[in-house]
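Visitor: For reference, the file run_10.txt (compact mmCIF, C-alpha atoms and all ligand atoms) is included below:
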```txt
# COMPACT_ATOMS: atom_id res chain seq x y z
CA MET X 31 -22.96 20.40 4.94
CA SER X 32 -23.73 23.96 5.92
CA ASP X 33 -22.80 24.14 9.57
CA ASN X 34 -19.97 25.81 11.43
CA ASN X 35 -17.74 22.81 11.80
CA ILE X 36 -16.63 22.71 8.18
CA HIS X 37 -12.87 22.87 7.67
CA GLU X 38 -10.50 23.41 4.79
CA VAL X 39 -7.73 20.79 4.52
CA TYR X 40 -4.33 21.12 2.85
CA ALA X 41 -1.45 18.74 2.18
CA ILE X 42 1.91 20.53 2.21
CA ARG X 43 4.80 18.63 0.64
CA TYR X 44 8.21 19.32 2.13
CA ALA X 45 10.45 16.39 1.12
CA HIS X 46 10.89 13.52 -1.28
CA HIS X 47 12.66 10.15 -1.43
CA ASP X 48 13.29 8.11 -4.57
CA ARG X 49 13.03 4.40 -3.91
CA LYS X 50 12.03 1.14 -5.56
CA SER X 51 8.52 -0.24 -5.12
CA SER X 52 10.00 -3.38 -3.54
CA GLU X 53 11.03 -1.23 -0.56
CA ASN X 54 7.43 -0.18 0.09
CA PHE X 55 5.81 -3.57 0.71
CA ILE X 56 6.49 -6.54 2.95
CA GLY X 57 7.33 -9.34 0.51
CA GLY X 58 8.55 -6.86 -2.11
CA ASP X 59 6.74 -5.96 -5.31
CA PRO X 60 6.70 -8.04 -8.52
CA HIS X 61 6.96 -4.92 -10.71
CA ASP X 62 9.93 -3.47 -8.82
CA VAL X 63 9.54 -0.06 -10.44
CA LEU X 64 10.46 3.40 -9.12
CA GLN X 65 7.88 4.29 -6.46
CA PRO X 66 9.04 7.36 -4.55
CA LEU X 67 7.64 8.66 -1.28
CA ASP X 68 6.68 12.28 -0.65
CA TYR X 69 6.71 13.80 2.83
CA TYR X 70 3.78 15.94 3.94
CA VAL X 71 2.40 17.98 6.75
CA TRP X 72 -1.33 18.74 6.77
CA ALA X 73 -3.16 21.93 7.71
CA ILE X 74 -6.77 21.88 8.90
CA VAL X 75 -8.31 25.34 8.80
CA GLY X 76 -11.57 26.17 10.54
CA LYS X 77 -13.03 28.84 12.72
CA ALA X 78 -10.99 27.75 15.76
CA GLY X 79 -7.79 28.63 13.87
CA PRO X 80 -5.37 26.41 12.00
CA ILE X 81 -4.60 22.93 13.29
CA ILE X 82 -1.39 21.36 11.99
CA LEU X 83 -1.08 17.59 11.67
CA ASP X 84 2.58 16.62 12.17
CA THR X 85 5.65 18.82 12.01
CA GLY X 86 7.90 17.13 9.43
CA PHE X 87 11.68 17.28 9.70
CA ASP X 88 14.21 20.07 9.19
CA PRO X 89 17.01 20.29 6.57
CA ALA X 90 19.62 18.84 8.96
CA MET X 91 17.51 15.73 9.56
CA GLY X 92 16.82 15.43 5.83
CA LYS X 93 20.56 15.31 5.26
CA LYS X 94 21.13 12.78 8.04
CA ARG X 95 18.37 10.49 6.73
CA GLN X 96 19.25 11.15 3.05
CA ARG X 97 15.85 12.55 2.17
CA GLU X 98 15.61 15.41 -0.30
CA MET X 99 14.08 18.52 1.26
CA THR X 100 11.92 20.14 -1.41
CA LYS X 101 10.74 23.20 0.60
CA PRO X 102 11.13 23.89 4.31
CA LEU X 103 7.81 23.41 6.07
CA GLY X 104 7.54 27.01 7.27
CA GLU X 105 7.49 28.25 3.66
CA GLY X 106 4.66 25.90 2.76
CA LEU X 107 2.56 27.11 5.66
CA LYS X 108 3.21 30.75 4.81
CA ALA X 109 2.23 30.06 1.17
CA ILE X 110 -1.33 29.37 2.38
CA GLY X 111 -1.37 32.22 4.88
CA ILE X 112 -0.53 30.30 8.06
CA ASP X 113 1.97 31.91 10.42
CA PRO X 114 3.61 29.07 12.40
CA GLN X 115 4.19 31.44 15.31
CA ALA X 116 0.45 31.83 15.71
CA VAL X 117 -0.48 28.13 15.53
CA GLU X 118 -2.02 26.93 18.78
CA THR X 119 -2.80 23.30 18.00
CA VAL X 120 -0.56 20.55 16.60
CA ILE X 121 -1.69 16.94 16.32
CA VAL X 122 1.09 14.34 16.24
CA SER X 123 0.15 11.23 14.27
CA HIS X 124 3.15 9.33 15.68
CA MET X 125 6.70 10.04 16.79
CA HIS X 126 8.76 8.89 13.79
CA TYR X 127 11.51 11.33 12.73
CA ASP X 128 9.57 12.55 9.68
CA HIS X 129 6.53 13.56 11.76
CA ILE X 130 7.85 15.36 14.88
CA GLY X 131 10.84 17.51 13.85
CA ASN X 132 11.03 21.31 13.62
CA TYR X 133 10.38 21.52 17.38
CA ASP X 134 10.73 25.30 17.58
CA LEU X 135 8.58 26.20 14.57
CA PHE X 136 5.37 26.34 16.62
CA PRO X 137 6.34 28.10 19.88
CA ARG X 138 2.75 28.66 21.03
CA ALA X 139 1.30 25.29 20.11
CA ARG X 140 -0.12 22.56 22.30
CA TYR X 141 0.68 19.07 20.99
CA HIS X 142 -1.86 16.22 20.93
CA LEU X 143 -0.74 12.60 20.91
CA GLN X 144 -1.79 9.16 22.05
CA ASP X 145 -0.76 7.86 25.48
CA CYS X 146 0.60 4.66 24.03
CA GLU X 147 2.79 6.39 21.41
CA MET X 148 4.74 8.22 24.13
CA ALA X 149 4.93 5.02 26.19
CA TYR X 150 6.17 3.12 23.12
CA ALA X 151 8.78 5.75 22.16
CA THR X 152 10.21 5.92 25.69
CA GLY X 153 9.86 2.31 26.79
CA ARG X 154 11.30 -1.14 26.35
CA CYS X 155 10.58 -1.46 22.63
CA MET X 156 13.24 1.19 21.98
CA CYS X 157 15.82 -1.33 23.27
CA HIS X 158 15.40 -3.05 19.90
CA GLN X 159 17.15 -1.63 16.86
CA ALA X 160 14.47 -2.87 14.46
CA LEU X 161 11.80 -0.89 16.31
CA ARG X 162 13.72 2.28 17.12
CA LEU X 163 14.99 2.71 13.54
CA PRO X 164 12.42 5.39 12.56
CA PHE X 165 12.79 7.26 15.88
CA GLU X 166 15.38 9.87 16.86
CA ALA X 167 16.31 10.24 20.53
CA ASP X 168 16.46 14.05 20.22
CA ASP X 169 12.92 14.14 18.80
CA VAL X 170 11.60 12.01 21.64
CA VAL X 171 13.42 14.13 24.24
CA ALA X 172 12.00 17.30 22.69
CA MET X 173 8.49 15.89 23.11
CA VAL X 174 9.19 14.85 26.71
CA ARG X 175 10.34 18.44 27.39
CA LYS X 176 7.02 19.68 26.01
CA VAL X 177 5.24 17.42 28.50
CA PHE X 178 7.16 19.11 31.33
CA ASP X 179 6.42 22.53 29.82
CA ASP X 180 2.70 21.68 30.01
CA ARG X 181 2.33 21.78 26.23
CA VAL X 182 1.03 18.25 25.56
CA THR X 183 -2.49 16.82 25.74
CA PHE X 184 -2.73 13.03 25.72
CA HIS X 185 -5.52 11.03 24.14
CA ASP X 186 -6.45 7.38 24.62
CA GLY X 187 -8.31 6.18 21.54
CA ALA X 188 -10.85 8.34 19.73
CA ASP X 189 -11.21 11.93 20.91
CA GLU X 190 -12.35 15.32 19.70
CA ILE X 191 -9.81 18.12 19.16
CA VAL X 192 -12.39 20.72 18.13
CA PRO X 193 -15.92 20.12 16.79
CA GLY X 194 -15.49 18.50 13.38
CA VAL X 195 -11.91 17.29 14.00
CA THR X 196 -11.36 13.96 15.77
CA VAL X 197 -8.35 11.69 16.34
CA HIS X 198 -8.57 7.89 16.05
CA HIS X 199 -6.02 5.43 17.39
CA ILE X 200 -5.00 3.02 14.63
CA GLY X 201 -1.68 1.59 15.85
CA GLY X 202 -0.05 -0.89 13.47
CA HIS X 203 2.80 1.02 11.83
CA SER X 204 3.66 2.57 15.20
CA LYS X 205 2.02 1.47 18.45
CA GLY X 206 0.29 4.76 19.16
CA LEU X 207 -0.35 5.94 15.60
CA GLN X 208 -3.46 8.08 15.26
CA SER X 209 -5.27 9.25 12.13
CA VAL X 210 -7.46 12.34 11.91
CA ARG X 211 -11.01 12.73 10.63
CA VAL X 212 -12.08 16.17 9.43
CA LYS X 213 -15.53 17.42 8.57
CA THR X 214 -15.38 19.31 5.27
CA ARG X 215 -17.83 20.59 2.69
CA ARG X 216 -17.02 17.43 0.73
CA GLY X 217 -17.86 15.13 3.63
CA TYR X 218 -15.56 13.43 6.12
CA VAL X 219 -11.95 13.44 4.94
CA VAL X 220 -9.58 11.11 6.80
CA LEU X 221 -5.91 12.02 7.00
CA ALA X 222 -4.37 8.58 7.44
CA ALA X 223 -0.79 9.74 8.02
CA ASP X 224 1.26 6.53 8.14
CA ALA X 225 -1.75 4.28 8.73
CA ALA X 226 -1.53 4.09 4.90
CA HIS X 227 1.63 5.31 3.19
CA LEU X 228 0.33 4.90 -0.37
CA TYR X 229 -3.00 4.42 -2.12
CA ALA X 230 -1.62 1.02 -3.13
CA HIS X 231 -1.58 -0.09 0.50
CA LEU X 232 -5.28 0.72 0.87
CA THR X 233 -6.36 -0.82 -2.42
CA THR X 234 -4.33 -4.04 -2.24
CA GLY X 235 -4.14 -4.62 1.52
CA ARG X 236 -0.35 -4.89 1.42
CA ILE X 237 1.82 -3.61 4.27
CA PHE X 238 4.69 -1.13 4.50
CA PRO X 239 7.82 -2.85 5.88
CA LEU X 240 8.24 -0.69 8.99
CA THR X 241 5.53 -2.12 11.21
CA TYR X 242 4.90 -2.71 14.89
CA ASN X 243 1.79 -4.87 14.45
CA LEU X 244 0.64 -6.36 11.14
CA GLY X 245 -2.90 -7.14 12.27
CA GLU X 246 -3.50 -3.57 13.37
CA VAL X 247 -2.27 -2.28 10.00
CA VAL X 248 -4.81 -4.23 7.94
CA GLU X 249 -7.60 -3.63 10.47
CA GLY X 250 -6.60 0.02 10.27
CA TYR X 251 -7.27 0.15 6.51
CA ALA X 252 -10.86 -0.90 7.21
CA THR X 253 -11.19 1.63 10.03
CA LEU X 254 -9.95 4.48 7.81
CA LYS X 255 -12.49 3.62 5.12
CA LYS X 256 -15.27 3.38 7.69
CA LEU X 257 -14.43 6.77 9.18
CA ALA X 258 -14.31 8.49 5.77
CA SER X 259 -17.31 9.44 3.62
CA SER X 260 -15.92 7.18 0.88
CA ALA X 261 -12.71 5.30 0.12
CA ASP X 262 -11.71 8.32 -1.98
CA HIS X 263 -11.92 10.51 1.15
CA VAL X 264 -8.95 8.68 2.73
CA VAL X 265 -5.68 10.53 2.16
CA PRO X 266 -2.53 8.39 2.43
CA GLY X 267 0.49 9.86 4.22
CA HIS X 268 3.35 9.55 1.74
CA ASP X 269 1.87 9.17 -1.74
CA PRO X 270 3.07 11.52 -4.52
CA LEU X 271 -0.29 10.77 -6.22
CA VAL X 272 -2.04 13.00 -3.66
CA LEU X 273 -0.63 16.06 -5.43
CA ALA X 274 -1.81 14.72 -8.80
CA HIS X 275 -5.25 13.75 -7.49
CA TYR X 276 -6.18 17.04 -5.80
CA PRO X 277 -6.02 20.60 -7.15
CA ALA X 278 -3.30 23.01 -6.02
CA ALA X 279 -4.33 25.22 -3.10
CA LYS X 280 -3.86 28.19 -5.43
CA PRO X 281 -2.08 28.97 -8.69
CA GLY X 282 1.69 28.65 -8.31
CA LEU X 283 1.52 25.94 -5.62
CA GLU X 284 1.27 22.98 -8.02
CA GLY X 285 3.38 20.05 -6.82
CA TRP X 286 3.71 21.69 -3.42
CA VAL X 287 0.40 22.39 -1.63
CA ALA X 288 -2.86 20.61 -2.51
CA ARG X 289 -6.39 21.31 -1.31
CA LEU X 290 -8.06 18.16 0.03
CA ASP X 291 -11.52 19.39 1.02
CA VAL X 292 -12.58 19.91 -2.59
CA GLU X 293 -13.45 17.33 -5.22
CA PRO X 294 -10.43 15.52 -6.65
CA LYS X 295 -9.44 16.27 -10.22
CA ALA X 296 -11.06 14.03 -12.84
CA SER X 297 -8.54 11.40 -13.79
ZN ZN X 301 6.00 6.48 10.33
ZN ZN X 302 6.12 8.84 7.79
```
Hey, can you dump this file as structure tokens for me?
Ligand SMILES: [Zn+2]
Ligand SMILES: [Zn+2]
Guide:
Amino acid sequence: MSDNNIHEVYAIRYAHHDRKSSENFIGGDPHDVLQPLDYYVWAIVGKAGPIILDTGFDPAMGKKRQREMTKPLGEGLKAIGIDPQAVETVIVSHMHYDHIGNYDLFPRARYHLQDCEMAYATGRCMCHQALRLPFEADDVVAMVRKVFDDRVTFHDGADEIVPGVTVHHIGGHSKGLQSVRVKTRRGYVVLAADAAHLYAHLTTGRIFPLTYNLGEVVEGYATLKKLASSADHVVPGHDPLVLAHYPAAKPGLEGWVARLDVEPKAS
């Protein structure tokens, strides 16, 4: 692909959580082994400037939620030459606490999210403890303030952010969850975010326990694969294997920042 809409794509790890595999699947897991989650933010770099997918959480939220912060997000961005102050575009996959924190890190950015995610996070479903569990009222309020500051663009279904970068409503895990498709020199890479937490969800069709709509989750797996150039172009949102599968963005960033628009390492 030798046109102008080619982007570089990076996964930046900022936190980690040790847990058992039985916690990652509805119905548990027969092996019940250690199967930790990593926490990422993604950077999409093209000629229109860097686009950041999700904003992670800050050290205070990590402490509250008992997640281990490995490196603050700002440091990861700076390690690949991105100044958060200069970022103009942030895409929000969904409004769970681990995807919309660090509200002040991107003071110039416009935020892109789905209509129905904001409606979900501010509406009647939040009356139910089981559904509001992964949300934080302060995070939601911070996003509402951005609406009033004219810093949010809403999308309803599939839409283009810049040529070569499109959002796709998946739903399932959260009502307004969107994944992102990016044109790269390797083909179309799809950043699933929480439409697939782990490779194991995609390969076995099993479902992460926190879920708004089961049917949309499994339909979503098919959509992700259809949008991507191959099943191996789908990048799950919380899998530590991503950092093993793809090369480091540059020497010294192993286990921290991976480059996703290049061929995966031979395994
Ligand atoms: Zn989530
Ligand atoms: Zn998440």
Visitor: Would you give the centre and edge lengths, in Å to one decimal, of a box along x, y and z around the listed atoms of region 188-196 of chain X, with 6 Å added to each side, as JSON?
Guide:
```
{"center_x": -12.9, "center_y": 14.5, "center_z": 17.1, "size_x": 18.1, "size_y": 24.4, "size_z": 19.5}
```
Visitor: Write out as a PyMOL selection string each polymer residue whose atoms come within 9 Å of region 155-169 of chain X, counting only C-alpha atoms; drop sequence neighbours fewer than 2 positions from it.
Guide: chain X and resi 125-128+130-131+133+150-153+171-174+204+240-242
Visitor: Using Å and a single decimal, report how far CA of Asp84 (chain X) sits from CA of Val192 (chain X).
Guide: 16.6 Å
Visitor: Would you mind listing what lies within 10 Å of Val197 (chain X) as a PyMOL selection string, with all atoms listed in the file counted and same-chain residues fewer than 6 positions away left out?
Guide: chain X and resi 121-123+142-144+185-191+207-212+220-221
Visitor: Just write the chosen residues, C-alpha atoms, as a short mmCIF file (atom, residue, chain, number, x, y, z; two decimals), in the frame of the given file.
Guide:
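Contents of result-v1.cif, as written:
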```cif
data_model
loop_
_atom_site.label_atom_id
_atom_site.label_comp_id
_atom_site.auth_asym_id
_atom_site.auth_seq_id
_atom_site.Cartn_x
_atom_site.Cartn_y
_atom_site.Cartn_z
CA ILE X 121 -1.69 16.94 16.32
CA VAL X 122 1.09 14.34 16.24
CA SER X 123 0.15 11.23 14.27
CA HIS X 142 -1.86 16.22 20.93
CA LEU X 143 -0.74 12.60 20.91
CA GLN X 144 -1.79 9.16 22.05
CA HIS X 185 -5.52 11.03 24.14
CA ASP X 186 -6.45 7.38 24.62
CA GLY X 187 -8.31 6.18 21.54
CA ALA X 188 -10.85 8.34 19.73
CA ASP X 189 -11.21 11.93 20.91
CA GLU X 190 -12.35 15.32 19.70
CA ILE X 191 -9.81 18.12 19.16
CA LEU X 207 -0.35 5.94 15.60
CA GLN X 208 -3.46 8.08 15.26
CA SER X 209 -5.27 9.25 12.13
CA VAL X 210 -7.46 12.34 11.91
CA ARG X 211 -11.01 12.73 10.63
CA VAL X 212 -12.08 16.17 9.43
CA VAL X 220 -9.58 11.11 6.80
CA LEU X 221 -5.91 12.02 7.00
#
```
Visitor: Grab the CA of Pro137 (chain X) to CA of Lys280 (chain X) distance for me, in Å with one decimal place.
Guide: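 Result for CA of Pro137 (chain X) versus CA of Lys280 (chain X): 27.3 Å, one decimal.
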Visitor: How many Å lie between CA of His129 (chain X) and CA of Pro277 (chain X), rounded to one decimal?
Guide: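 About the pair CA of His129 (chain X) and CA of Pro277 (chain X): they are 23.8 Å apart.
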Visitor: For each of X:Val63, X:Leu135, X:Ala226, X:Ala261, take the minimum atom-to-atom distance to ligand ZN 302 (chain X), counting only C-alpha atoms and all ligand atoms, then give the residue where this is smallest.
Guide: X:Ala226
Visitor: Give as JSON, numbers by chain each residue that has an atom at most 12 Å from (-4.3, 9.2, 6.2) in the file, counting only C-alpha atoms.
Guide: {"X": [41, 70, 71, 72, 83, 84, 123, 197, 198, 199, 200, 207, 208, 209, 210, 211, 212, 219, 220, 221, 222, 223, 224, 225, 226, 227, 228, 229, 231, 232, 250, 251, 253, 254, 255, 257, 258, 261, 262, 263, 264, 265, 266, 267, 268, 269, 272, 290]}
Visitor: Using C-alpha atoms, can you export the residues from the last selection as a PDB file, in the coordinates of the input?
Guide:
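Saved file again.pdb follows:
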```pdb
ATOM      1  CA  ALA X  41      -1.450  18.740   2.180  1.00  0.00           C
ATOM      2  CA  TYR X  70       3.780  15.940   3.940  1.00  0.00           C
ATOM      3  CA  VAL X  71       2.400  17.980   6.750  1.00  0.00           C
ATOM      4  CA  TRP X  72      -1.330  18.740   6.770  1.00  0.00           C
ATOM      5  CA  LEU X  83      -1.080  17.590  11.670  1.00  0.00           C
ATOM      6  CA  ASP X  84       2.580  16.620  12.170  1.00  0.00           C
ATOM      7  CA  SER X 123       0.150  11.230  14.270  1.00  0.00           C
ATOM      8  CA  VAL X 197      -8.350  11.690  16.340  1.00  0.00           C
ATOM      9  CA  HIS X 198      -8.570   7.890  16.050  1.00  0.00           C
ATOM     10  CA  HIS X 199      -6.020   5.430  17.390  1.00  0.00           C
ATOM     11  CA  ILE X 200      -5.000   3.020  14.630  1.00  0.00           C
ATOM     12  CA  LEU X 207      -0.350   5.940  15.600  1.00  0.00           C
ATOM     13  CA  GLN X 208      -3.460   8.080  15.260  1.00  0.00           C
ATOM     14  CA  SER X 209      -5.270   9.250  12.130  1.00  0.00           C
ATOM     15  CA  VAL X 210      -7.460  12.340  11.910  1.00  0.00           C
ATOM     16  CA  ARG X 211     -11.010  12.730  10.630  1.00  0.00           C
ATOM     17  CA  VAL X 212     -12.080  16.170   9.430  1.00  0.00           C
ATOM     18  CA  VAL X 219     -11.950  13.440   4.940  1.00  0.00           C
ATOM     19  CA  VAL X 220      -9.580  11.110   6.800  1.00  0.00           C
ATOM     20  CA  LEU X 221      -5.910  12.020   7.000  1.00  0.00           C
ATOM     21  CA  ALA X 222      -4.370   8.580   7.440  1.00  0.00           C
ATOM     22  CA  ALA X 223      -0.790   9.740   8.020  1.00  0.00           C
ATOM     23  CA  ASP X 224       1.260   6.530   8.140  1.00  0.00           C
ATOM     24  CA  ALA X 225      -1.750   4.280   8.730  1.00  0.00           C
ATOM     25  CA  ALA X 226      -1.530   4.090   4.900  1.00  0.00           C
ATOM     26  CA  HIS X 227       1.630   5.310   3.190  1.00  0.00           C
ATOM     27  CA  LEU X 228       0.330   4.900  -0.370  1.00  0.00           C
ATOM     28  CA  TYR X 229      -3.000   4.420  -2.120  1.00  0.00           C
ATOM     29  CA  HIS X 231      -1.580  -0.090   0.500  1.00  0.00           C
ATOM     30  CA  LEU X 232      -5.280   0.720   0.870  1.00  0.00           C
ATOM     31  CA  GLY X 250      -6.600   0.020  10.270  1.00  0.00           C
ATOM     32  CA  TYR X 251      -7.270   0.150   6.510  1.00  0.00           C
ATOM     33  CA  THR X 253     -11.190   1.630  10.030  1.00  0.00           C
ATOM     34  CA  LEU X 254      -9.950   4.480   7.810  1.00  0.00           C
ATOM     35  CA  LYS X 255     -12.490   3.620   5.120  1.00  0.00           C
ATOM     36  CA  LEU X 257     -14.430   6.770   9.180  1.00  0.00           C
ATOM     37  CA  ALA X 258     -14.310   8.490   5.770  1.00  0.00           C
ATOM     38  CA  ALA X 261     -12.710   5.300   0.120  1.00  0.00           C
ATOM     39  CA  ASP X 262     -11.710   8.320  -1.980  1.00  0.00           C
ATOM     40  CA  HIS X 263     -11.920  10.510   1.150  1.00  0.00           C
ATOM     41  CA  VAL X 264      -8.950   8.680   2.730  1.00  0.00           C
ATOM     42  CA  VAL X 265      -5.680  10.530   2.160  1.00  0.00           C
ATOM     43  CA  PRO X 266      -2.530   8.390   2.430  1.00  0.00           C
ATOM     44  CA  GLY X 267       0.490   9.860   4.220  1.00  0.00           C
ATOM     45  CA  HIS X 268       3.350   9.550   1.740  1.00  0.00           C
ATOM     46  CA  ASP X 269       1.870   9.170  -1.740  1.00  0.00           C
ATOM     47  CA  VAL X 272      -2.040  13.000  -3.660  1.00  0.00           C
ATOM     48  CA  LEU X 290      -8.060  18.160   0.030  1.00  0.00           C
TER      49      LEU X 290
END
```
Visitor: Using all atoms listed in the file, which residue out of X:Gly201, X:Pro66, X:Gly194, X:Gly76 lies closest to ligand ZN 301 (chain X)?
Guide: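 Once distances to ligand ZN 301 (chain X) are computed over all atoms listed in the file, the minimum belongs to X:Gly201.
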Visitor: So, with all atoms listed in the file as the atoms that count, which of X:Pro239, X:Gly58, X:Pro193, X:Pro281 lies closest to ligand ZN 302 (chain X)?
Guide: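 Checking each of X:Pro239, X:Gly58, X:Pro193, X:Pro281 against ligand ZN 302 (chain X), counting all atoms listed in the file, the winner is X:Pro239.
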Visitor: Could you check which of X:Asp134, X:Glu98, X:Asp291, X:Asp68 is closest to ligand ZN 302 (chain X), using only C-alpha atoms and all ligand atoms?
Guide: X:Asp68
Visitor: Go through X:His46, X:Lys108, X:His275, X:Lys176 one by one, measure the shortest atom-to-atom distance of each to ligand ZN 302 (chain X) using only C-alpha atoms and all ligand atoms, and give the residue with the smallest value.
Guide: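 Using only C-alpha atoms and all ligand atoms, ligand ZN 302 (chain X) sits closest to X:His46.
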Visitor: Using all atoms listed in the file for the distances, tell me which of X:Leu67, X:Val170, X:Ala279, X:Ala288 is nearest to ligand ZN 302 (chain X).
Guide: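 Of X:Leu67, X:Val170, X:Ala279, X:Ala288, the one nearest ligand ZN 302 (chain X), counting all atoms listed in the file, is X:Leu67.
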Visitor: Identify the residues around (3.7, 33.4, 10.6) within a radius of 12 Å, measuring from only C-alpha atoms in the coordinates stated by the file, and give them as a VMD selection string.
Guide: chain X and resid 80 103 to 118 135 to 138
Visitor: Take the residues that were just selected and, keeping C-alpha atoms, output them as a PDB file, in the frame of the given file.
Guide:
```pdb
ATOM      1  CA  PRO X  80      -5.370  26.410  12.000  1.00  0.00           C
ATOM      2  CA  LEU X 103       7.810  23.410   6.070  1.00  0.00           C
ATOM      3  CA  GLY X 104       7.540  27.010   7.270  1.00  0.00           C
ATOM      4  CA  GLU X 105       7.490  28.250   3.660  1.00  0.00           C
ATOM      5  CA  GLY X 106       4.660  25.900   2.760  1.00  0.00           C
ATOM      6  CA  LEU X 107       2.560  27.110   5.660  1.00  0.00           C
ATOM      7  CA  LYS X 108       3.210  30.750   4.810  1.00  0.00           C
ATOM      8  CA  ALA X 109       2.230  30.060   1.170  1.00  0.00           C
ATOM      9  CA  ILE X 110      -1.330  29.370   2.380  1.00  0.00           C
ATOM     10  CA  GLY X 111      -1.370  32.220   4.880  1.00  0.00           C
ATOM     11  CA  ILE X 112      -0.530  30.300   8.060  1.00  0.00           C
ATOM     12  CA  ASP X 113       1.970  31.910  10.420  1.00  0.00           C
ATOM     13  CA  PRO X 114       3.610  29.070  12.400  1.00  0.00           C
ATOM     14  CA  GLN X 115       4.190  31.440  15.310  1.00  0.00           C
ATOM     15  CA  ALA X 116       0.450  31.830  15.710  1.00  0.00           C
ATOM     16  CA  VAL X 117      -0.480  28.130  15.530  1.00  0.00           C
ATOM     17  CA  GLU X 118      -2.020  26.930  18.780  1.00  0.00           C
ATOM     18  CA  LEU X 135       8.580  26.200  14.570  1.00  0.00           C
ATOM     19  CA  PHE X 136       5.370  26.340  16.620  1.00  0.00           C
ATOM     20  CA  PRO X 137       6.340  28.100  19.880  1.00  0.00           C
ATOM     21  CA  ARG X 138       2.750  28.660  21.030  1.00  0.00           C
TER      22      ARG X 138
END
```
